Protein chains: 2
Amino acid sequence: MAYRLDEQIGYILRLANQRHGLIFNKHSELGLTPTQFAALVRIGEMGACSQNLLGRRTAMDVATIKGVVTRLKAKGFIQLSPDPGDKRRTVVSLSAQGQEVIDQLHAFGEKVTEETLSPLNEPERKVFLDMLKRLT
Amino acid sequence: MAYRLDEQIGYILRLANQRHGLIFNKHSELGLTPTQFAALVRIGEMGACSQNLLGRRTAMDVATIKGVVTRLKAKGFIQLSPDPGDKRRTVVSLSAQGQEVIDQLHAFGEKVTEETLSPLNEPERKVFLDMLKRLT
DNA sequence: GGTTATTCATTTGTATACTAATAAACAACC
DNA sequence: GGTTGTTTATTAGTATACAAATGAATAACC
């Protein structure tokens with residue numbers, strides 16, 4: 001059987017990611033990227049935490065989370081403060097503005113998820129997500 | 001139902017992509033990235049074509065394919081030549097070295113695909129790939 | 001208590017990925 | 001045949017993503 005790029009999981013994953021990004025950007029109101037969105041939602045879930053821990057919990061390495069935090073701070077959604085008990089750490093937490101948009105983010109995220117999964121019906125979505133999770 | 005980042009298709013797709021990238025790099029012998037690999041395999045499938053067309057056939061915009069072509073050329077896998085019939089175009093084609101590694105690339109790609117899909121059994125892989133393709 | 005190892009954050013460098021703007025060449029059309 | 005519109009390629013700017021190196025602070029351990 002000949003090797004066909006269009007049948008390879010890596011290539012198709014990249015295409016699916018691209019499509020998701022397009023859908024995300026089309027609906028985006030707050031000017032957030034998918035990555036910034038993920039970090040912000042995660043802080044909402046976790047509460048305040050160190051910058052590196054936030055990176056680990058959102059699957060971003062230290063260099064990536066650094067940039068994401070910088071931009072979320074510049075946009076006013078988070079605030080940074082020194083950790084009283086550990087001088088190495090920078091504590092990341094939601095700003096008042098960040099708190100205010102969390103519900104909006106969730107509604108937005110649900111819309112993006114819905115449209116991204118729209119080619120699949122309900123039982124298919126469950127099967128698909130279960131299998132996709134096993135590939136992480 | 002509360003919104004949970006870990007259940008969102010966009011976030012899980014990103015994680016799956018990351019894992020695939022790690023597997024790809026672990027096995028990579030020729031120093032290619034997944035994107036460079038895709039472009040090179042595609043040229044092998046299509047034969048010579050313009051730089052922009054190659055980008056379209058590998059889902060890369062003009063800026064991205066430009067960089068990929070530059071690096072594939074620097075690594076000696078492709079060659080560039082002017083299009084005799086269209087002065088705008090740059091024709092991209094495999095170099096002798098590129099021709100030589102195509103079979104190796106296919107074997108490598110199959111190994112990466114196999115390991116990436118290893119958490120799924122054979123019938124699951126088929127179902128999964130079919131559904132994933134519908135999300136592109 | 002002092003050595004060793006680990007963790008945290010930053011920085012540098014390389015590689016996608018997309019937008020937008022530009023210039024040159026080509027195509028369509030009246 | 002000249003205007004209009006499209007295509008091709010380049011460039012600049014922003015944002016992930018990862019590797020690797022660094023310095024500061026903390027933890028582990030004998």
# chains A, B, ... in the order shown; residues from 1 in each chain; ligands from 1

call {"tool": "residues_around", "arguments": {"residues": "Ala16 in chain B", "least_positions_apart": "5", "cutoff": "9 Å", "atoms": "only C-alpha atoms (C1' of nucleotides)", "output": "list in words"}}
result
Leu13, Leu132, Lys133, Arg134, Leu135 and Thr136 of chain A; Tyr11, Gly21 and Thr116 of chain B

call {"tool": "select_by_dssp", "arguments": {"residues": "chain B", "states": "alpha helix (DSSP H)", "output": "PyMOL selection string"}}
result
chain B and resi 9-27+34-46+51-57+62-74+96-116+122-134

call {"tool": "interface_residues", "arguments": {"of": "chain A", "to": "chain D", "cutoff": "8 Å", "atoms": "only C-alpha atoms (C1' of nucleotides)", "output": "JSON, numbers by chain"}}
result
{"A": [35, 60, 61, 64, 86, 87, 88]}

call {"tool": "select_by_dssp", "arguments": {"residues": "chain B", "states": "strand (DSSP E or B)", "output": "JSON, numbers by chain"}}
result
{"B": [49, 50, 78, 79, 80, 81, 82, 83, 86, 87, 88, 89, 90, 91, 92, 93, 94]}

call {"tool": "write_last_selection", "arguments": {"atoms": "C-alpha atoms", "output": "short mmCIF file (atom, residue, chain, number, x, y, z; two decimals), in the first residue's frame"}}
result
data_model
loop_
_atom_site.label_atom_id
_atom_site.label_comp_id
_atom_site.auth_asym_id
_atom_site.auth_seq_id
_atom_site.Cartn_x
_atom_site.Cartn_y
_atom_site.Cartn_z
CA CYS B 49 4.91 22.46 -8.86
CA SER B 50 4.88 26.12 -7.93
CA ILE B 78 14.59 20.24 -3.07
CA GLN B 79 15.66 22.54 -5.86
CA LEU B 80 14.10 25.73 -7.15
CA SER B 81 13.88 26.91 -10.73
CA PRO B 82 12.03 29.63 -12.63
CA ASP B 83 8.87 28.65 -14.51
CA ASP B 86 5.18 32.18 -15.98
CA LYS B 87 7.72 34.62 -14.64
CA ARG B 88 5.86 34.94 -11.34
CA ARG B 89 6.32 31.30 -10.41
CA THR B 90 9.10 29.43 -8.68
CA VAL B 91 9.03 25.73 -9.53
CA VAL B 92 9.81 23.45 -6.60
CA SER B 93 11.06 19.94 -7.31
CA LEU B 94 12.91 17.14 -5.57
#

call {"tool": "interface_residues", "arguments": {"of": "chain C", "to": "chain A", "cutoff": "10 Å", "atoms": "only C-alpha atoms (C1' of nucleotides)", "output": "list in words"}}
result
DT7, DC8, DA9, DT10, DT11 and DA17 of chain C

call {"tool": "atom_distance", "arguments": {"atom1": "CA of Leu40 in chain B", "atom2": "CA of Tyr3 in chain A"}}
result
12.8 Å

call {"tool": "atom_distance", "arguments": {"atom1": "CA of Gly67 in chain B", "atom2": "CA of Leu30 in chain B"}}
result
17.8 Å

call {"tool": "interface_residues", "arguments": {"of": "chain B", "to": "chain A", "cutoff": "9 Å", "atoms": "only C-alpha atoms", "output": "mmCIF file with N, CA, C and O atoms, in the first residue's frame"}}
result
data_model
loop_
_atom_site.group_PDB
_atom_site.id
_atom_site.type_symbol
_atom_site.label_atom_id
_atom_site.label_comp_id
_atom_site.auth_asym_id
_atom_site.auth_seq_id
_atom_site.Cartn_x
_atom_site.Cartn_y
_atom_site.Cartn_z
ATOM 1 N N ALA B 2 -20.903 22.367 34.140
ATOM 2 C CA ALA B 2 -19.810 23.341 34.161
ATOM 3 C C ALA B 2 -18.918 23.174 32.920
ATOM 4 O O ALA B 2 -18.796 22.064 32.393
ATOM 5 N N TYR B 3 -18.358 24.256 32.479
ATOM 6 C CA TYR B 3 -17.437 24.220 31.343
ATOM 7 C C TYR B 3 -16.091 23.699 31.826
ATOM 8 O O TYR B 3 -15.498 24.261 32.747
ATOM 9 N N ARG B 4 -15.611 22.664 31.193
ATOM 10 C CA ARG B 4 -14.310 22.127 31.592
ATOM 11 C C ARG B 4 -13.357 22.114 30.416
ATOM 12 O O ARG B 4 -13.614 21.465 29.399
ATOM 13 N N LEU B 5 -12.261 22.800 30.572
ATOM 14 C CA LEU B 5 -11.263 22.910 29.513
ATOM 15 C C LEU B 5 -10.838 21.539 29.014
ATOM 16 O O LEU B 5 -10.688 21.332 27.803
ATOM 17 N N GLU B 7 -12.334 18.960 28.523
ATOM 18 C CA GLU B 7 -13.326 18.256 27.693
ATOM 19 C C GLU B 7 -13.528 18.918 26.346
ATOM 20 O O GLU B 7 -14.345 18.456 25.547
ATOM 21 N N GLN B 8 -12.823 20.013 26.080
ATOM 22 C CA GLN B 8 -13.071 20.768 24.856
ATOM 23 C C GLN B 8 -12.241 20.231 23.699
ATOM 24 O O GLN B 8 -11.033 20.015 23.821
ATOM 25 N N ILE B 9 -12.876 20.086 22.574
ATOM 26 C CA ILE B 9 -12.224 19.524 21.397
ATOM 27 C C ILE B 9 -10.967 20.295 21.008
ATOM 28 O O ILE B 9 -9.938 19.707 20.656
ATOM 29 N N GLY B 10 -11.017 21.618 21.105
ATOM 30 C CA GLY B 10 -9.868 22.422 20.700
ATOM 31 C C GLY B 10 -8.650 22.144 21.564
ATOM 32 O O GLY B 10 -7.533 21.972 21.056
ATOM 33 N N TYR B 11 -8.893 22.070 22.849
ATOM 34 C CA TYR B 11 -7.788 21.820 23.776
ATOM 35 C C TYR B 11 -7.220 20.413 23.585
ATOM 36 O O TYR B 11 -6.001 20.221 23.545
ATOM 37 N N ILE B 12 -8.090 19.430 23.439
ATOM 38 C CA ILE B 12 -7.630 18.046 23.286
ATOM 39 C C ILE B 12 -6.912 17.851 21.951
ATOM 40 O O ILE B 12 -5.923 17.131 21.869
ATOM 41 N N LEU B 13 -7.393 18.515 20.927
ATOM 42 C CA LEU B 13 -6.709 18.465 19.629
ATOM 43 C C LEU B 13 -5.277 18.987 19.764
ATOM 44 O O LEU B 13 -4.346 18.437 19.187
ATOM 45 N N ARG B 14 -5.138 20.063 20.515
ATOM 46 C CA ARG B 14 -3.807 20.631 20.709
ATOM 47 C C ARG B 14 -2.902 19.628 21.420
ATOM 48 O O ARG B 14 -1.735 19.438 21.039
ATOM 49 N N LEU B 15 -3.429 18.958 22.431
ATOM 50 C CA LEU B 15 -2.629 17.967 23.155
ATOM 51 C C LEU B 15 -2.245 16.793 22.247
ATOM 52 O O LEU B 15 -1.108 16.317 22.281
ATOM 53 N N ALA B 16 -3.202 16.342 21.448
ATOM 54 C CA ALA B 16 -2.921 15.218 20.543
ATOM 55 C C ALA B 16 -1.848 15.610 19.528
ATOM 56 O O ALA B 16 -0.961 14.812 19.201
ATOM 57 N N ASN B 17 -1.938 16.824 19.061
ATOM 58 C CA ASN B 17 -0.931 17.333 18.130
ATOM 59 C C ASN B 17 0.444 17.379 18.788
ATOM 60 O O ASN B 17 1.458 17.044 18.165
ATOM 61 N N GLN B 18 0.481 17.800 20.027
ATOM 62 C CA GLN B 18 1.744 17.862 20.759
ATOM 63 C C GLN B 18 2.354 16.471 20.889
ATOM 64 O O GLN B 18 3.543 16.280 20.663
ATOM 65 N N ARG B 19 1.523 15.510 21.250
ATOM 66 C CA ARG B 19 2.045 14.150 21.413
ATOM 67 C C ARG B 19 2.578 13.618 20.084
ATOM 68 O O ARG B 19 3.641 12.996 20.037
ATOM 69 N N HIS B 20 1.836 13.877 19.024
ATOM 70 C CA HIS B 20 2.322 13.438 17.720
ATOM 71 C C HIS B 20 3.671 14.071 17.395
ATOM 72 O O HIS B 20 4.574 13.394 16.879
ATOM 73 N N GLY B 21 3.811 15.343 17.695
ATOM 74 C CA GLY B 21 5.075 16.026 17.436
ATOM 75 C C GLY B 21 6.231 15.409 18.202
ATOM 76 O O GLY B 21 7.335 15.265 17.665
ATOM 77 N N PHE B 24 7.080 12.142 16.519
ATOM 78 C CA PHE B 24 7.761 12.447 15.254
ATOM 79 C C PHE B 24 9.231 12.785 15.495
ATOM 80 O O PHE B 24 10.119 12.229 14.867
ATOM 81 N N PRO B 34 7.708 18.036 11.215
ATOM 82 C CA PRO B 34 6.498 17.468 10.615
ATOM 83 C C PRO B 34 6.042 18.251 9.385
ATOM 84 O O PRO B 34 5.611 17.666 8.380
ATOM 85 N N THR B 35 6.163 19.553 9.436
ATOM 86 C CA THR B 35 5.739 20.390 8.316
ATOM 87 C C THR B 35 6.640 20.197 7.104
ATOM 88 O O THR B 35 6.159 20.079 5.970
ATOM 89 N N ALA B 38 5.878 16.892 5.565
ATOM 90 C CA ALA B 38 4.642 16.907 4.781
ATOM 91 C C ALA B 38 4.878 17.527 3.410
ATOM 92 O O ALA B 38 4.439 16.999 2.385
ATOM 93 N N VAL B 41 7.021 15.083 1.245
ATOM 94 C CA VAL B 41 6.239 13.932 0.784
ATOM 95 C C VAL B 41 5.266 14.367 -0.310
ATOM 96 O O VAL B 41 5.067 13.673 -1.311
ATOM 97 N N ARG B 42 4.703 15.549 -0.146
ATOM 98 C CA ARG B 42 3.737 16.027 -1.130
ATOM 99 C C ARG B 42 4.381 16.283 -2.471
ATOM 100 O O ARG B 42 3.796 15.969 -3.519
ATOM 101 N N GLU B 45 4.627 13.137 -4.145
ATOM 102 C CA GLU B 45 3.356 12.674 -4.690
ATOM 103 C C GLU B 45 2.958 13.428 -5.953
ATOM 104 O O GLU B 45 2.490 12.854 -6.938
ATOM 105 N N THR B 58 -0.601 21.499 0.910
ATOM 106 C CA THR B 58 -0.146 21.039 2.223
ATOM 107 C C THR B 58 -0.730 21.910 3.329
ATOM 108 O O THR B 58 -0.275 21.864 4.474
ATOM 109 N N ALA B 59 -1.734 22.714 2.967
ATOM 110 C CA ALA B 59 -2.429 23.553 3.944
ATOM 111 C C ALA B 59 -1.496 24.520 4.663
ATOM 112 O O ALA B 59 -1.540 24.690 5.874
ATOM 113 N N HIS B 106 8.755 7.548 3.745
ATOM 114 C CA HIS B 106 7.509 6.802 3.868
ATOM 115 C C HIS B 106 7.597 5.788 5.000
ATOM 116 O O HIS B 106 6.677 5.666 5.816
ATOM 117 N N ALA B 107 8.701 5.089 5.078
ATOM 118 C CA ALA B 107 8.881 4.112 6.156
ATOM 119 C C ALA B 107 8.860 4.814 7.506
ATOM 120 O O ALA B 107 8.227 4.347 8.469
ATOM 121 N N GLY B 109 7.421 7.709 8.170
ATOM 122 C CA GLY B 109 6.059 8.187 8.410
ATOM 123 C C GLY B 109 5.143 7.092 8.909
ATOM 124 O O GLY B 109 4.315 7.323 9.801
ATOM 125 N N GLU B 110 5.307 5.909 8.376
ATOM 126 C CA GLU B 110 4.471 4.786 8.823
ATOM 127 C C GLU B 110 4.757 4.430 10.276
ATOM 128 O O GLU B 110 3.844 4.107 11.043
ATOM 129 N N VAL B 112 5.832 6.535 12.575
ATOM 130 C CA VAL B 112 5.260 7.600 13.410
ATOM 131 C C VAL B 112 3.745 7.428 13.531
ATOM 132 O O VAL B 112 3.179 7.548 14.627
ATOM 133 N N THR B 113 3.100 7.156 12.417
ATOM 134 C CA THR B 113 1.651 6.942 12.427
ATOM 135 C C THR B 113 1.290 5.770 13.331
ATOM 136 O O THR B 113 0.364 5.859 14.148
ATOM 137 N N THR B 116 1.752 6.740 16.968
ATOM 138 C CA THR B 116 0.761 7.723 17.377
ATOM 139 C C THR B 116 -0.593 7.065 17.618
ATOM 140 O O THR B 116 -1.304 7.398 18.576
ATOM 141 N N LEU B 117 -0.942 6.115 16.765
ATOM 142 C CA LEU B 117 -2.251 5.459 16.856
ATOM 143 C C LEU B 117 -2.229 4.223 17.751
ATOM 144 O O LEU B 117 -3.253 3.534 17.896
ATOM 145 N N SER B 118 -1.082 3.941 18.363
ATOM 146 C CA SER B 118 -0.957 2.697 19.127
ATOM 147 C C SER B 118 -1.984 2.524 20.251
ATOM 148 O O SER B 118 -2.333 1.397 20.582
ATOM 149 N N PRO B 119 -2.521 3.619 20.839
ATOM 150 C CA PRO B 119 -3.554 3.397 21.860
ATOM 151 C C PRO B 119 -4.881 2.870 21.300
ATOM 152 O O PRO B 119 -5.745 2.465 22.087
ATOM 153 N N LEU B 120 -5.038 2.892 19.985
ATOM 154 C CA LEU B 120 -6.290 2.421 19.387
ATOM 155 C C LEU B 120 -6.057 1.108 18.643
ATOM 156 O O LEU B 120 -5.016 0.927 18.012
ATOM 157 N N GLU B 124 -10.871 0.600 15.668
ATOM 158 C CA GLU B 124 -10.986 1.945 16.247
ATOM 159 C C GLU B 124 -10.257 2.971 15.390
ATOM 160 O O GLU B 124 -10.730 4.091 15.201
ATOM 161 N N ARG B 125 -9.112 2.595 14.888
ATOM 162 C CA ARG B 125 -8.332 3.539 14.071
ATOM 163 C C ARG B 125 -9.125 3.979 12.843
ATOM 164 O O ARG B 125 -9.117 5.159 12.490
ATOM 165 N N VAL B 127 -12.426 3.994 12.412
ATOM 166 C CA VAL B 127 -13.533 4.859 12.831
ATOM 167 C C VAL B 127 -13.013 6.246 13.203
ATOM 168 O O VAL B 127 -13.575 7.268 12.796
ATOM 169 N N PHE B 128 -11.938 6.245 13.949
ATOM 170 C CA PHE B 128 -11.383 7.517 14.414
ATOM 171 C C PHE B 128 -10.923 8.389 13.251
ATOM 172 O O PHE B 128 -11.255 9.581 13.180
ATOM 173 N N LEU B 129 -10.164 7.824 12.346
ATOM 174 C CA LEU B 129 -9.655 8.607 11.217
ATOM 175 C C LEU B 129 -10.791 9.128 10.350
ATOM 176 O O LEU B 129 -10.746 10.267 9.883
ATOM 177 N N MET B 131 -13.787 9.907 11.334
ATOM 178 C CA MET B 131 -14.429 11.032 12.019
ATOM 179 C C MET B 131 -13.523 12.252 12.036
ATOM 180 O O MET B 131 -13.975 13.380 11.831
ATOM 181 N N LEU B 132 -12.227 12.031 12.265
ATOM 182 C CA LEU B 132 -11.295 13.160 12.305
ATOM 183 C C LEU B 132 -11.266 13.883 10.958
ATOM 184 O O LEU B 132 -11.227 15.117 10.913
ATOM 185 N N LYS B 133 -11.309 13.114 9.883
ATOM 186 C CA LYS B 133 -11.307 13.740 8.562
ATOM 187 C C LYS B 133 -12.534 14.638 8.372
ATOM 188 O O LYS B 133 -12.455 15.656 7.679
ATOM 189 N N ARG B 134 -13.629 14.234 8.971
ATOM 190 C CA ARG B 134 -14.833 15.062 8.827
ATOM 191 C C ARG B 134 -14.685 16.386 9.567
ATOM 192 O O ARG B 134 -15.451 17.326 9.334
ATOM 193 N N LEU B 135 -13.717 16.466 10.467
ATOM 194 C CA LEU B 135 -13.503 17.715 11.220
ATOM 195 C C LEU B 135 -12.448 18.600 10.570
ATOM 196 O O LEU B 135 -11.983 19.569 11.162
ATOM 197 N N THR B 136 -12.044 18.257 9.366
ATOM 198 C CA THR B 136 -11.076 19.104 8.671
ATOM 199 C C THR B 136 -11.824 19.952 7.663
ATOM 200 O O THR B 136 -11.287 20.648 6.907
#

call {"tool": "atom_distance", "arguments": {"atom1": "C1' of DT19 in chain C", "atom2": "CA of Gln36 in chain B"}}
result
22.1 Å
